[in-house]
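Pasted below: upload32.cif, mmCIF, N, CA and C atoms.
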data_start
loop_
_atom_site.label_atom_id
_atom_site.label_comp_id
_atom_site.auth_asym_id
_atom_site.auth_seq_id
_atom_site.Cartn_x
_atom_site.Cartn_y
_atom_site.Cartn_z
N GLN A 79 0.84 -1.19 0.00
CA GLN A 79 0.00 0.00 0.00
C GLN A 79 0.88 1.25 0.00
N VAL A 80 0.60 2.14 -0.95
CA VAL A 80 1.38 3.37 -1.06
C VAL A 80 0.87 4.38 -0.03
N GLN A 81 1.80 4.92 0.74
CA GLN A 81 1.40 5.96 1.67
C GLN A 81 2.60 6.78 2.12
N LEU A 82 2.28 8.00 2.54
CA LEU A 82 3.23 8.89 3.19
C LEU A 82 2.69 9.18 4.58
N VAL A 83 3.53 9.01 5.58
CA VAL A 83 3.09 9.19 6.95
C VAL A 83 3.95 10.25 7.62
N GLU A 84 3.31 11.37 7.95
CA GLU A 84 4.02 12.45 8.65
C GLU A 84 3.97 12.23 10.15
N SER A 85 4.98 12.72 10.83
CA SER A 85 5.03 12.68 12.29
C SER A 85 5.92 13.81 12.78
N GLY A 86 5.86 14.06 14.08
CA GLY A 86 6.73 15.07 14.68
C GLY A 86 6.06 16.38 15.00
N GLY A 87 4.80 16.53 14.63
CA GLY A 87 4.10 17.76 14.96
C GLY A 87 3.77 17.84 16.44
N GLY A 88 3.27 19.00 16.84
CA GLY A 88 2.89 19.18 18.24
C GLY A 88 2.80 20.65 18.60
N LEU A 89 2.77 20.88 19.90
CA LEU A 89 2.68 22.24 20.44
C LEU A 89 4.08 22.69 20.88
N VAL A 90 4.47 23.87 20.45
CA VAL A 90 5.78 24.41 20.81
C VAL A 90 5.66 25.90 21.06
N GLN A 91 6.49 26.42 21.93
CA GLN A 91 6.48 27.85 22.22
C GLN A 91 7.18 28.63 21.11
N PRO A 92 6.82 29.89 20.93
CA PRO A 92 7.54 30.72 19.95
C PRO A 92 9.03 30.71 20.22
N GLY A 93 9.81 30.60 19.14
CA GLY A 93 11.25 30.49 19.25
C GLY A 93 11.76 29.07 19.36
N GLY A 94 10.86 28.14 19.53
CA GLY A 94 11.25 26.74 19.67
C GLY A 94 11.48 26.05 18.34
N SER A 95 11.73 24.74 18.42
CA SER A 95 12.05 23.95 17.23
C SER A 95 11.24 22.66 17.22
N LEU A 96 11.00 22.18 16.01
CA LEU A 96 10.41 20.87 15.79
C LEU A 96 11.06 20.26 14.56
N ARG A 97 11.10 18.93 14.53
CA ARG A 97 11.52 18.24 13.31
C ARG A 97 10.40 17.32 12.86
N LEU A 98 9.90 17.58 11.67
CA LEU A 98 8.88 16.73 11.07
C LEU A 98 9.54 15.64 10.23
N SER A 99 8.92 14.48 10.23
CA SER A 99 9.37 13.37 9.40
C SER A 99 8.24 12.93 8.48
N CYS A 100 8.62 12.45 7.32
CA CYS A 100 7.66 11.93 6.36
C CYS A 100 8.22 10.60 5.85
N ALA A 101 7.62 9.51 6.29
CA ALA A 101 8.09 8.17 5.91
C ALA A 101 7.23 7.62 4.79
N ALA A 102 7.88 7.15 3.74
CA ALA A 102 7.16 6.60 2.60
C ALA A 102 7.10 5.08 2.70
N ALA A 103 5.98 4.54 2.24
CA ALA A 103 5.80 3.09 2.19
C ALA A 103 5.14 2.74 0.86
N GLY A 104 5.53 1.60 0.31
CA GLY A 104 4.92 1.14 -0.93
C GLY A 104 5.58 1.68 -2.19
N PHE A 105 6.55 2.55 -2.04
CA PHE A 105 7.33 3.07 -3.16
C PHE A 105 8.63 3.65 -2.58
N THR A 106 9.61 3.89 -3.43
CA THR A 106 10.86 4.48 -2.98
C THR A 106 10.94 5.92 -3.45
N ILE A 107 11.40 6.79 -2.56
CA ILE A 107 11.35 8.23 -2.83
C ILE A 107 12.51 8.70 -3.70
N GLY A 108 13.45 7.81 -4.01
CA GLY A 108 14.69 8.23 -4.66
C GLY A 108 14.51 9.04 -5.93
N THR A 109 13.47 8.76 -6.72
CA THR A 109 13.28 9.47 -7.98
C THR A 109 12.19 10.53 -7.87
N TYR A 110 11.73 10.78 -6.67
CA TYR A 110 10.64 11.73 -6.46
C TYR A 110 11.16 13.08 -5.95
N VAL A 111 10.53 14.14 -6.43
CA VAL A 111 10.70 15.46 -5.82
C VAL A 111 9.82 15.47 -4.59
N MET A 112 10.42 15.81 -3.46
CA MET A 112 9.69 15.78 -2.19
C MET A 112 9.48 17.21 -1.69
N SER A 113 8.29 17.44 -1.16
CA SER A 113 7.95 18.80 -0.71
C SER A 113 7.18 18.74 0.60
N TRP A 114 7.24 19.84 1.31
CA TRP A 114 6.39 20.07 2.47
C TRP A 114 5.47 21.27 2.15
N TYR A 115 4.21 21.11 2.45
CA TYR A 115 3.21 22.17 2.35
C TYR A 115 2.61 22.38 3.72
N ARG A 116 1.89 23.49 3.86
CA ARG A 116 1.12 23.72 5.07
C ARG A 116 -0.18 24.42 4.73
N GLN A 117 -1.14 24.24 5.62
CA GLN A 117 -2.46 24.82 5.38
C GLN A 117 -3.12 25.18 6.70
N VAL A 118 -3.73 26.36 6.70
CA VAL A 118 -4.55 26.79 7.84
C VAL A 118 -5.99 26.87 7.36
N PRO A 119 -6.93 26.73 8.27
CA PRO A 119 -8.35 26.73 7.87
C PRO A 119 -8.72 28.00 7.10
N GLY A 120 -9.40 27.82 6.00
CA GLY A 120 -9.87 28.95 5.21
C GLY A 120 -8.87 29.49 4.21
N LYS A 121 -7.68 28.89 4.18
CA LYS A 121 -6.66 29.36 3.25
C LYS A 121 -6.19 28.20 2.37
N GLU A 122 -5.58 28.57 1.24
CA GLU A 122 -5.06 27.56 0.33
C GLU A 122 -3.79 26.92 0.91
N ARG A 123 -3.55 25.70 0.47
CA ARG A 123 -2.34 25.02 0.88
C ARG A 123 -1.12 25.77 0.30
N GLU A 124 -0.13 25.96 1.15
CA GLU A 124 1.04 26.78 0.80
C GLU A 124 2.29 25.91 0.72
N LEU A 125 3.08 26.10 -0.35
CA LEU A 125 4.34 25.37 -0.48
C LEU A 125 5.36 25.96 0.49
N VAL A 126 5.96 25.09 1.29
CA VAL A 126 6.94 25.53 2.29
C VAL A 126 8.37 25.27 1.80
N ALA A 127 8.63 24.06 1.35
CA ALA A 127 9.99 23.68 0.96
C ALA A 127 9.96 22.50 0.01
N THR A 128 10.97 22.45 -0.87
CA THR A 128 11.09 21.38 -1.84
C THR A 128 12.54 20.94 -1.93
N ILE A 129 12.73 19.62 -2.16
CA ILE A 129 14.06 19.09 -2.40
C ILE A 129 13.97 18.17 -3.60
N ASP A 130 14.87 18.36 -4.56
CA ASP A 130 14.76 17.57 -5.78
C ASP A 130 15.38 16.19 -5.60
N SER A 131 15.21 15.37 -6.63
CA SER A 131 15.62 13.97 -6.51
C SER A 131 17.05 13.74 -6.93
N ALA A 132 17.58 14.61 -7.80
CA ALA A 132 18.89 14.33 -8.39
C ALA A 132 20.04 14.83 -7.53
N GLN A 133 20.06 16.12 -7.29
CA GLN A 133 21.22 16.72 -6.60
C GLN A 133 20.88 17.22 -5.21
N GLY A 134 19.65 17.02 -4.80
CA GLY A 134 19.28 17.48 -3.47
C GLY A 134 19.15 18.99 -3.35
N ARG A 135 18.92 19.63 -4.48
CA ARG A 135 18.75 21.09 -4.42
C ARG A 135 17.44 21.43 -3.72
N THR A 136 17.47 22.51 -2.97
CA THR A 136 16.32 22.89 -2.15
C THR A 136 15.80 24.27 -2.50
N ASN A 137 14.52 24.46 -2.25
CA ASN A 137 13.88 25.77 -2.40
C ASN A 137 12.93 25.97 -1.23
N TYR A 138 12.80 27.24 -0.82
CA TYR A 138 11.99 27.55 0.35
C TYR A 138 11.08 28.74 0.07
N ALA A 139 9.95 28.75 0.75
CA ALA A 139 9.12 29.94 0.76
C ALA A 139 9.87 31.05 1.48
N ASP A 140 9.65 32.27 1.05
CA ASP A 140 10.36 33.40 1.66
C ASP A 140 10.09 33.46 3.17
N SER A 141 8.91 33.07 3.57
CA SER A 141 8.51 33.19 4.97
C SER A 141 9.28 32.24 5.90
N VAL A 142 9.93 31.22 5.34
CA VAL A 142 10.64 30.25 6.18
C VAL A 142 12.13 30.20 5.90
N LYS A 143 12.61 30.94 4.92
CA LYS A 143 14.04 30.92 4.59
C LYS A 143 14.89 31.29 5.80
N GLY A 144 15.94 30.53 6.01
CA GLY A 144 16.83 30.78 7.14
C GLY A 144 16.37 30.16 8.43
N ARG A 145 15.13 29.64 8.47
CA ARG A 145 14.61 29.02 9.69
C ARG A 145 14.31 27.53 9.51
N PHE A 146 13.87 27.16 8.33
CA PHE A 146 13.49 25.77 8.05
C PHE A 146 14.53 25.13 7.13
N THR A 147 14.72 23.82 7.31
CA THR A 147 15.62 23.06 6.45
C THR A 147 14.97 21.75 6.05
N ILE A 148 14.86 21.51 4.74
CA ILE A 148 14.35 20.24 4.25
C ILE A 148 15.52 19.34 3.90
N SER A 149 15.38 18.06 4.19
CA SER A 149 16.42 17.10 3.86
C SER A 149 15.78 15.76 3.55
N ARG A 150 16.56 14.87 2.94
CA ARG A 150 16.02 13.56 2.60
C ARG A 150 17.07 12.49 2.90
N ASP A 151 16.58 11.34 3.31
CA ASP A 151 17.43 10.17 3.52
C ASP A 151 16.82 9.05 2.68
N ASN A 152 17.34 8.88 1.48
CA ASN A 152 16.74 7.90 0.57
C ASN A 152 16.88 6.48 1.11
N ALA A 153 17.93 6.23 1.86
CA ALA A 153 18.12 4.88 2.42
C ALA A 153 17.02 4.55 3.42
N LYS A 154 16.55 5.58 4.12
CA LYS A 154 15.47 5.38 5.09
C LYS A 154 14.10 5.68 4.49
N ASN A 155 14.10 6.11 3.21
CA ASN A 155 12.85 6.42 2.52
C ASN A 155 12.04 7.48 3.27
N THR A 156 12.77 8.48 3.76
CA THR A 156 12.17 9.48 4.64
C THR A 156 12.66 10.88 4.28
N VAL A 157 11.76 11.85 4.41
CA VAL A 157 12.08 13.26 4.23
C VAL A 157 11.82 13.97 5.56
N TYR A 158 12.61 14.99 5.81
CA TYR A 158 12.52 15.71 7.08
C TYR A 158 12.31 17.20 6.83
N LEU A 159 11.73 17.86 7.82
CA LEU A 159 11.66 19.31 7.83
C LEU A 159 12.06 19.77 9.23
N GLN A 160 13.26 20.34 9.32
CA GLN A 160 13.72 20.91 10.58
C GLN A 160 13.23 22.35 10.65
N MET A 161 12.49 22.65 11.70
CA MET A 161 11.89 23.98 11.84
C MET A 161 12.44 24.64 13.10
N ASN A 162 13.15 25.72 12.94
CA ASN A 162 13.72 26.47 14.05
C ASN A 162 13.11 27.86 14.13
N SER A 163 13.32 28.51 15.26
CA SER A 163 12.82 29.88 15.47
C SER A 163 11.35 29.99 15.07
N LEU A 164 10.56 29.06 15.55
CA LEU A 164 9.15 29.00 15.15
C LEU A 164 8.38 30.22 15.63
N LYS A 165 7.41 30.63 14.80
CA LYS A 165 6.58 31.78 15.08
C LYS A 165 5.11 31.34 15.13
N PRO A 166 4.27 32.11 15.79
CA PRO A 166 2.84 31.75 15.81
C PRO A 166 2.25 31.60 14.41
N GLU A 167 2.73 32.37 13.47
CA GLU A 167 2.20 32.28 12.11
C GLU A 167 2.63 31.01 11.38
N ASP A 168 3.50 30.22 11.98
CA ASP A 168 3.85 28.91 11.41
C ASP A 168 2.82 27.84 11.77
N THR A 169 1.89 28.18 12.63
CA THR A 169 0.85 27.24 13.02
C THR A 169 0.03 26.82 11.81
N ALA A 170 -0.05 25.51 11.58
CA ALA A 170 -0.75 24.97 10.42
C ALA A 170 -0.71 23.45 10.49
N VAL A 171 -1.45 22.83 9.59
CA VAL A 171 -1.26 21.40 9.33
C VAL A 171 -0.22 21.28 8.23
N TYR A 172 0.80 20.48 8.48
CA TYR A 172 1.90 20.31 7.53
C TYR A 172 1.74 18.99 6.80
N TYR A 173 1.86 19.07 5.47
CA TYR A 173 1.68 17.91 4.62
C TYR A 173 2.95 17.62 3.83
N CYS A 174 3.19 16.35 3.61
CA CYS A 174 4.28 15.89 2.78
C CYS A 174 3.73 15.49 1.42
N LYS A 175 4.49 15.79 0.37
CA LYS A 175 4.08 15.45 -0.98
C LYS A 175 5.24 14.84 -1.75
N ALA A 176 4.94 13.79 -2.50
CA ALA A 176 5.92 13.16 -3.38
C ALA A 176 5.44 13.31 -4.81
N ARG A 177 6.32 13.78 -5.70
CA ARG A 177 5.91 14.03 -7.08
C ARG A 177 6.92 13.44 -8.06
N ALA A 178 6.43 12.60 -8.96
CA ALA A 178 7.20 12.12 -10.10
C ALA A 178 6.15 11.91 -11.20
N LEU A 179 6.07 10.71 -11.74
CA LEU A 179 4.98 10.45 -12.68
C LEU A 179 3.64 10.46 -11.96
N ARG A 180 3.68 10.13 -10.66
CA ARG A 180 2.49 10.18 -9.82
C ARG A 180 2.73 11.14 -8.67
N ILE A 181 1.62 11.52 -8.06
CA ILE A 181 1.69 12.41 -6.90
C ILE A 181 1.04 11.72 -5.71
N TYR A 182 1.76 11.77 -4.58
CA TYR A 182 1.22 11.21 -3.35
C TYR A 182 1.26 12.29 -2.26
N TRP A 183 0.24 12.26 -1.41
CA TRP A 183 0.15 13.17 -0.27
C TRP A 183 0.04 12.37 1.01
N GLY A 184 0.60 12.94 2.08
CA GLY A 184 0.38 12.39 3.40
C GLY A 184 -0.89 12.94 4.00
N GLN A 185 -1.18 12.49 5.22
CA GLN A 185 -2.44 12.87 5.87
C GLN A 185 -2.30 14.15 6.68
N GLY A 186 -1.07 14.60 6.90
CA GLY A 186 -0.84 15.84 7.62
C GLY A 186 -0.53 15.65 9.09
N THR A 187 0.21 16.61 9.63
CA THR A 187 0.51 16.64 11.06
C THR A 187 0.38 18.08 11.55
N GLN A 188 -0.28 18.25 12.68
CA GLN A 188 -0.57 19.59 13.20
C GLN A 188 0.65 20.16 13.92
N VAL A 189 0.97 21.39 13.58
CA VAL A 189 2.00 22.16 14.29
C VAL A 189 1.34 23.40 14.87
N THR A 190 1.45 23.58 16.17
CA THR A 190 0.89 24.73 16.84
C THR A 190 1.99 25.45 17.59
N VAL A 191 2.16 26.73 17.27
CA VAL A 191 3.18 27.56 17.93
C VAL A 191 2.45 28.58 18.78
N SER A 192 2.56 28.42 20.09
CA SER A 192 1.80 29.27 21.00
C SER A 192 2.45 29.25 22.37
N SER A 193 2.32 30.38 23.06
CA SER A 193 2.82 30.45 24.43
C SER A 193 1.70 30.14 25.42
#
For this file, produce the structure as structure tokens.
Amino acid sequence: QVQLVESGGGLVQPGGSLRLSCAAAGFTIGTYVMSWYRQVPGKERELVATIDSAQGRTNYADSVKGRFTISRDNAKNTVYLQMNSLKPEDTAVYYCKARALRIYWGQGTQVTVSS
């Protein structure tokens, strides 16, 4: 069964850190472009970060540059999102996406930044 399973979300104070994981099953991520998105109620899903399949090049939304880092471990079939210096406006459900000939989405993990 093909699936992406996110984990690592939770409640954190402003300025804190979280690391999200996205584990793939039923396929190997090696040839897939992997991305993290986020969504808050009433708004469109927003692209946060992307890492390509060939050279590991990364791209980030301006709002997270310098604070978030996307990485991949193809041997573990997992993608990560390290989030530092978190702000209340980072509060959202975070989704993992795999894109090649097909597109797969995870079910999402809630991140809440609040004091």
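Shortest atom-to-atom contact with Val80 (chain A) among A:Pro119, A:Tyr182, A:Ser141, A:Tyr172: A:Tyr182, counting all atoms listed in the file.
In this structure, CA of Ala127 (chain A) sits 10.4 Å away from atom N of Gly144 (chain A).
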Which of these, A:Gly186, A:Ser163, A:Ser193, A:Leu82, has the shortest distance to Leu96 (chain A) once you count only N, CA and C atoms?
A:Ser163
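Considering only N, CA and C atoms, the residue among A:Leu125, A:Ala153, A:Val171, A:Ala101 positioned nearest to Thr187 (chain A) is A:Val171.
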Answer key for the PyMOL selection byres ((chain A and resi 170) around 5), residues as a ChimeraX atom specification:
/A:117-118,168-169,171-172,188-189
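When CA of Gly93 (chain A) is paired with CA of Glu124 (chain A), their separation reads 21.4 Å.
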So how many Å separate CA of Gly104 (chain A) and atom C of Gly134 (chain A), to one decimal?
23.0 Å
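You can rank A:Tyr138, A:Trp114, A:Tyr158, A:Phe146 by their closest distance to Ser99 (chain A) using only C-alpha atoms, and at the top of that list sits A:Tyr158.
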Taking the backbone alone, and naming residues the way the document does, which bits of region 94-192 of chain A are strand (DSSP E) by DSSP, as a compact mmCIF listing (two decimals) with N, CA and C atoms, in the frame of the given file?
# COMPACT_ATOMS: atom_id res chain seq x y z
N LEU A 96 11.00 22.18 16.01
CA LEU A 96 10.41 20.87 15.79
C LEU A 96 11.06 20.26 14.56
N ARG A 97 11.10 18.93 14.53
CA ARG A 97 11.52 18.24 13.31
C ARG A 97 10.40 17.32 12.86
N LEU A 98 9.90 17.58 11.67
CA LEU A 98 8.88 16.73 11.07
C LEU A 98 9.54 15.64 10.23
N SER A 99 8.92 14.48 10.23
CA SER A 99 9.37 13.37 9.40
C SER A 99 8.24 12.93 8.48
N CYS A 100 8.62 12.45 7.32
CA CYS A 100 7.66 11.93 6.36
C CYS A 100 8.22 10.60 5.85
N ALA A 101 7.62 9.51 6.29
CA ALA A 101 8.09 8.17 5.91
C ALA A 101 7.23 7.62 4.79
N ALA A 102 7.88 7.15 3.74
CA ALA A 102 7.16 6.60 2.60
C ALA A 102 7.10 5.08 2.70
N ALA A 103 5.98 4.54 2.24
CA ALA A 103 5.80 3.09 2.19
C ALA A 103 5.14 2.74 0.86
N VAL A 111 10.53 14.14 -6.43
CA VAL A 111 10.70 15.46 -5.82
C VAL A 111 9.82 15.47 -4.59
N MET A 112 10.42 15.81 -3.46
CA MET A 112 9.69 15.78 -2.19
C MET A 112 9.48 17.21 -1.69
N SER A 113 8.29 17.44 -1.16
CA SER A 113 7.95 18.80 -0.71
C SER A 113 7.18 18.74 0.60
N TRP A 114 7.24 19.84 1.31
CA TRP A 114 6.39 20.07 2.47
C TRP A 114 5.47 21.27 2.15
N TYR A 115 4.21 21.11 2.45
CA TYR A 115 3.21 22.17 2.35
C TYR A 115 2.61 22.38 3.72
N ARG A 116 1.89 23.49 3.86
CA ARG A 116 1.12 23.72 5.07
C ARG A 116 -0.18 24.42 4.73
N GLN A 117 -1.14 24.24 5.62
CA GLN A 117 -2.46 24.82 5.38
C GLN A 117 -3.12 25.18 6.70
N GLU A 124 -0.13 25.96 1.15
CA GLU A 124 1.04 26.78 0.80
C GLU A 124 2.29 25.91 0.72
N LEU A 125 3.08 26.10 -0.35
CA LEU A 125 4.34 25.37 -0.48
C LEU A 125 5.36 25.96 0.49
N VAL A 126 5.96 25.09 1.29
CA VAL A 126 6.94 25.53 2.29
C VAL A 126 8.37 25.27 1.80
N ALA A 127 8.63 24.06 1.35
CA ALA A 127 9.99 23.68 0.96
C ALA A 127 9.96 22.50 0.01
N THR A 128 10.97 22.45 -0.87
CA THR A 128 11.09 21.38 -1.84
C THR A 128 12.54 20.94 -1.93
N ILE A 129 12.73 19.62 -2.16
CA ILE A 129 14.06 19.09 -2.40
C ILE A 129 13.97 18.17 -3.60
N THR A 136 17.47 22.51 -2.97
CA THR A 136 16.32 22.89 -2.15
C THR A 136 15.80 24.27 -2.50
N ASN A 137 14.52 24.46 -2.25
CA ASN A 137 13.88 25.77 -2.40
C ASN A 137 12.93 25.97 -1.23
N TYR A 138 12.80 27.24 -0.82
CA TYR A 138 11.99 27.55 0.35
C TYR A 138 11.08 28.74 0.07
N PHE A 146 13.87 27.16 8.33
CA PHE A 146 13.49 25.77 8.05
C PHE A 146 14.53 25.13 7.13
N THR A 147 14.72 23.82 7.31
CA THR A 147 15.62 23.06 6.45
C THR A 147 14.97 21.75 6.05
N ILE A 148 14.86 21.51 4.74
CA ILE A 148 14.35 20.24 4.25
C ILE A 148 15.52 19.34 3.90
N SER A 149 15.38 18.06 4.19
CA SER A 149 16.42 17.10 3.86
C SER A 149 15.78 15.76 3.55
N ARG A 150 16.56 14.87 2.94
CA ARG A 150 16.02 13.56 2.60
C ARG A 150 17.07 12.49 2.90
N ASP A 151 16.58 11.34 3.31
CA ASP A 151 17.43 10.17 3.52
C ASP A 151 16.82 9.05 2.68
N THR A 156 12.77 8.48 3.76
CA THR A 156 12.17 9.48 4.64
C THR A 156 12.66 10.88 4.28
N VAL A 157 11.76 11.85 4.41
CA VAL A 157 12.08 13.26 4.23
C VAL A 157 11.82 13.97 5.56
N TYR A 158 12.61 14.99 5.81
CA TYR A 158 12.52 15.71 7.08
C TYR A 158 12.31 17.20 6.83
N LEU A 159 11.73 17.86 7.82
CA LEU A 159 11.66 19.31 7.83
C LEU A 159 12.06 19.77 9.23
N GLN A 160 13.26 20.34 9.32
CA GLN A 160 13.72 20.91 10.58
C GLN A 160 13.23 22.35 10.65
N MET A 161 12.49 22.65 11.70
CA MET A 161 11.89 23.98 11.84
C MET A 161 12.44 24.64 13.10
N ALA A 170 -0.05 25.51 11.58
CA ALA A 170 -0.75 24.97 10.42
C ALA A 170 -0.71 23.45 10.49
N VAL A 171 -1.45 22.83 9.59
CA VAL A 171 -1.26 21.40 9.33
C VAL A 171 -0.22 21.28 8.23
N TYR A 172 0.80 20.48 8.48
CA TYR A 172 1.90 20.31 7.53
C TYR A 172 1.74 18.99 6.80
N TYR A 173 1.86 19.07 5.47
CA TYR A 173 1.68 17.91 4.62
C TYR A 173 2.95 17.62 3.83
N CYS A 174 3.19 16.35 3.61
CA CYS A 174 4.28 15.89 2.78
C CYS A 174 3.73 15.49 1.42
N LYS A 175 4.49 15.79 0.37
CA LYS A 175 4.08 15.45 -0.98
C LYS A 175 5.24 14.84 -1.75
N ALA A 176 4.94 13.79 -2.50
CA ALA A 176 5.92 13.16 -3.38
C ALA A 176 5.44 13.31 -4.81
N ARG A 177 6.32 13.78 -5.70
CA ARG A 177 5.91 14.03 -7.08
C ARG A 177 6.92 13.44 -8.06
N ILE A 181 1.62 11.52 -8.06
CA ILE A 181 1.69 12.41 -6.90
C ILE A 181 1.04 11.72 -5.71
N TYR A 182 1.76 11.77 -4.58
CA TYR A 182 1.22 11.21 -3.35
C TYR A 182 1.26 12.29 -2.26
N TRP A 183 0.24 12.26 -1.41
CA TRP A 183 0.15 13.17 -0.27
C TRP A 183 0.04 12.37 1.01
N THR A 187 0.21 16.61 9.63
CA THR A 187 0.51 16.64 11.06
C THR A 187 0.38 18.08 11.55
N GLN A 188 -0.28 18.25 12.68
CA GLN A 188 -0.57 19.59 13.20
C GLN A 188 0.65 20.16 13.92
N VAL A 189 0.97 21.39 13.58
CA VAL A 189 2.00 22.16 14.29
C VAL A 189 1.34 23.40 14.87
N THR A 190 1.45 23.58 16.17
CA THR A 190 0.89 24.73 16.84
C THR A 190 1.99 25.45 17.59
N VAL A 191 2.16 26.73 17.27
CA VAL A 191 3.18 27.56 17.93
C VAL A 191 2.45 28.58 18.78
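Each of A:Leu89, A:Val191, A:Leu159, A:Ala103 was checked against Val126 (chain A) using only C-alpha atoms; the smallest atom-to-atom distance is that of A:Leu159.
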